[in-house]
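Have a look at the structure below, then the notes.
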Amino acid sequence: MSYPSVKEFLTVVKRPTDVTARIAQGGGHRLSVWTRKIPRSFDWLVEVQPGFAPRP
């Protein structure tokens, strides 16, 4: 249902912004799908935005 708007968004994103879309077969937006992705999402955010790194 949201794929058409995502597809359009991907065509208009310009540098320095970078976007990657991944389609999870049978995934959807259920909490059970995204819960396991949250820790890695924070790890990625720290890698690309140093301001999100934990303070010592």
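How things are named: the first chain in the structure tokens is A, the next is B, and so on; residues count from 1 in each chain; ligands count from 1 in the order shown.
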Open item on the list: Taking 3 positions as the minimum chain separation for residues in the same chain, which residues sit within 9 Å of range 15-22 of chain A when counting only C-alpha atoms? Answer as a PyMOL selection string.
Closed with: chain A and resi 6-7+10
Open item on the list: Could you pull out the helix (DSSP H, G or I) residues of chain A, going by DSSP on the backbone, and write them as JSON, numbers by chain?
Closed with: {"A": [3, 4, 5, 6, 7, 8, 9, 10, 11, 12, 31, 32, 33, 34, 35, 38, 39, 40, 41, 42, 43, 44, 45, 46, 47, 48, 50, 51, 52]}
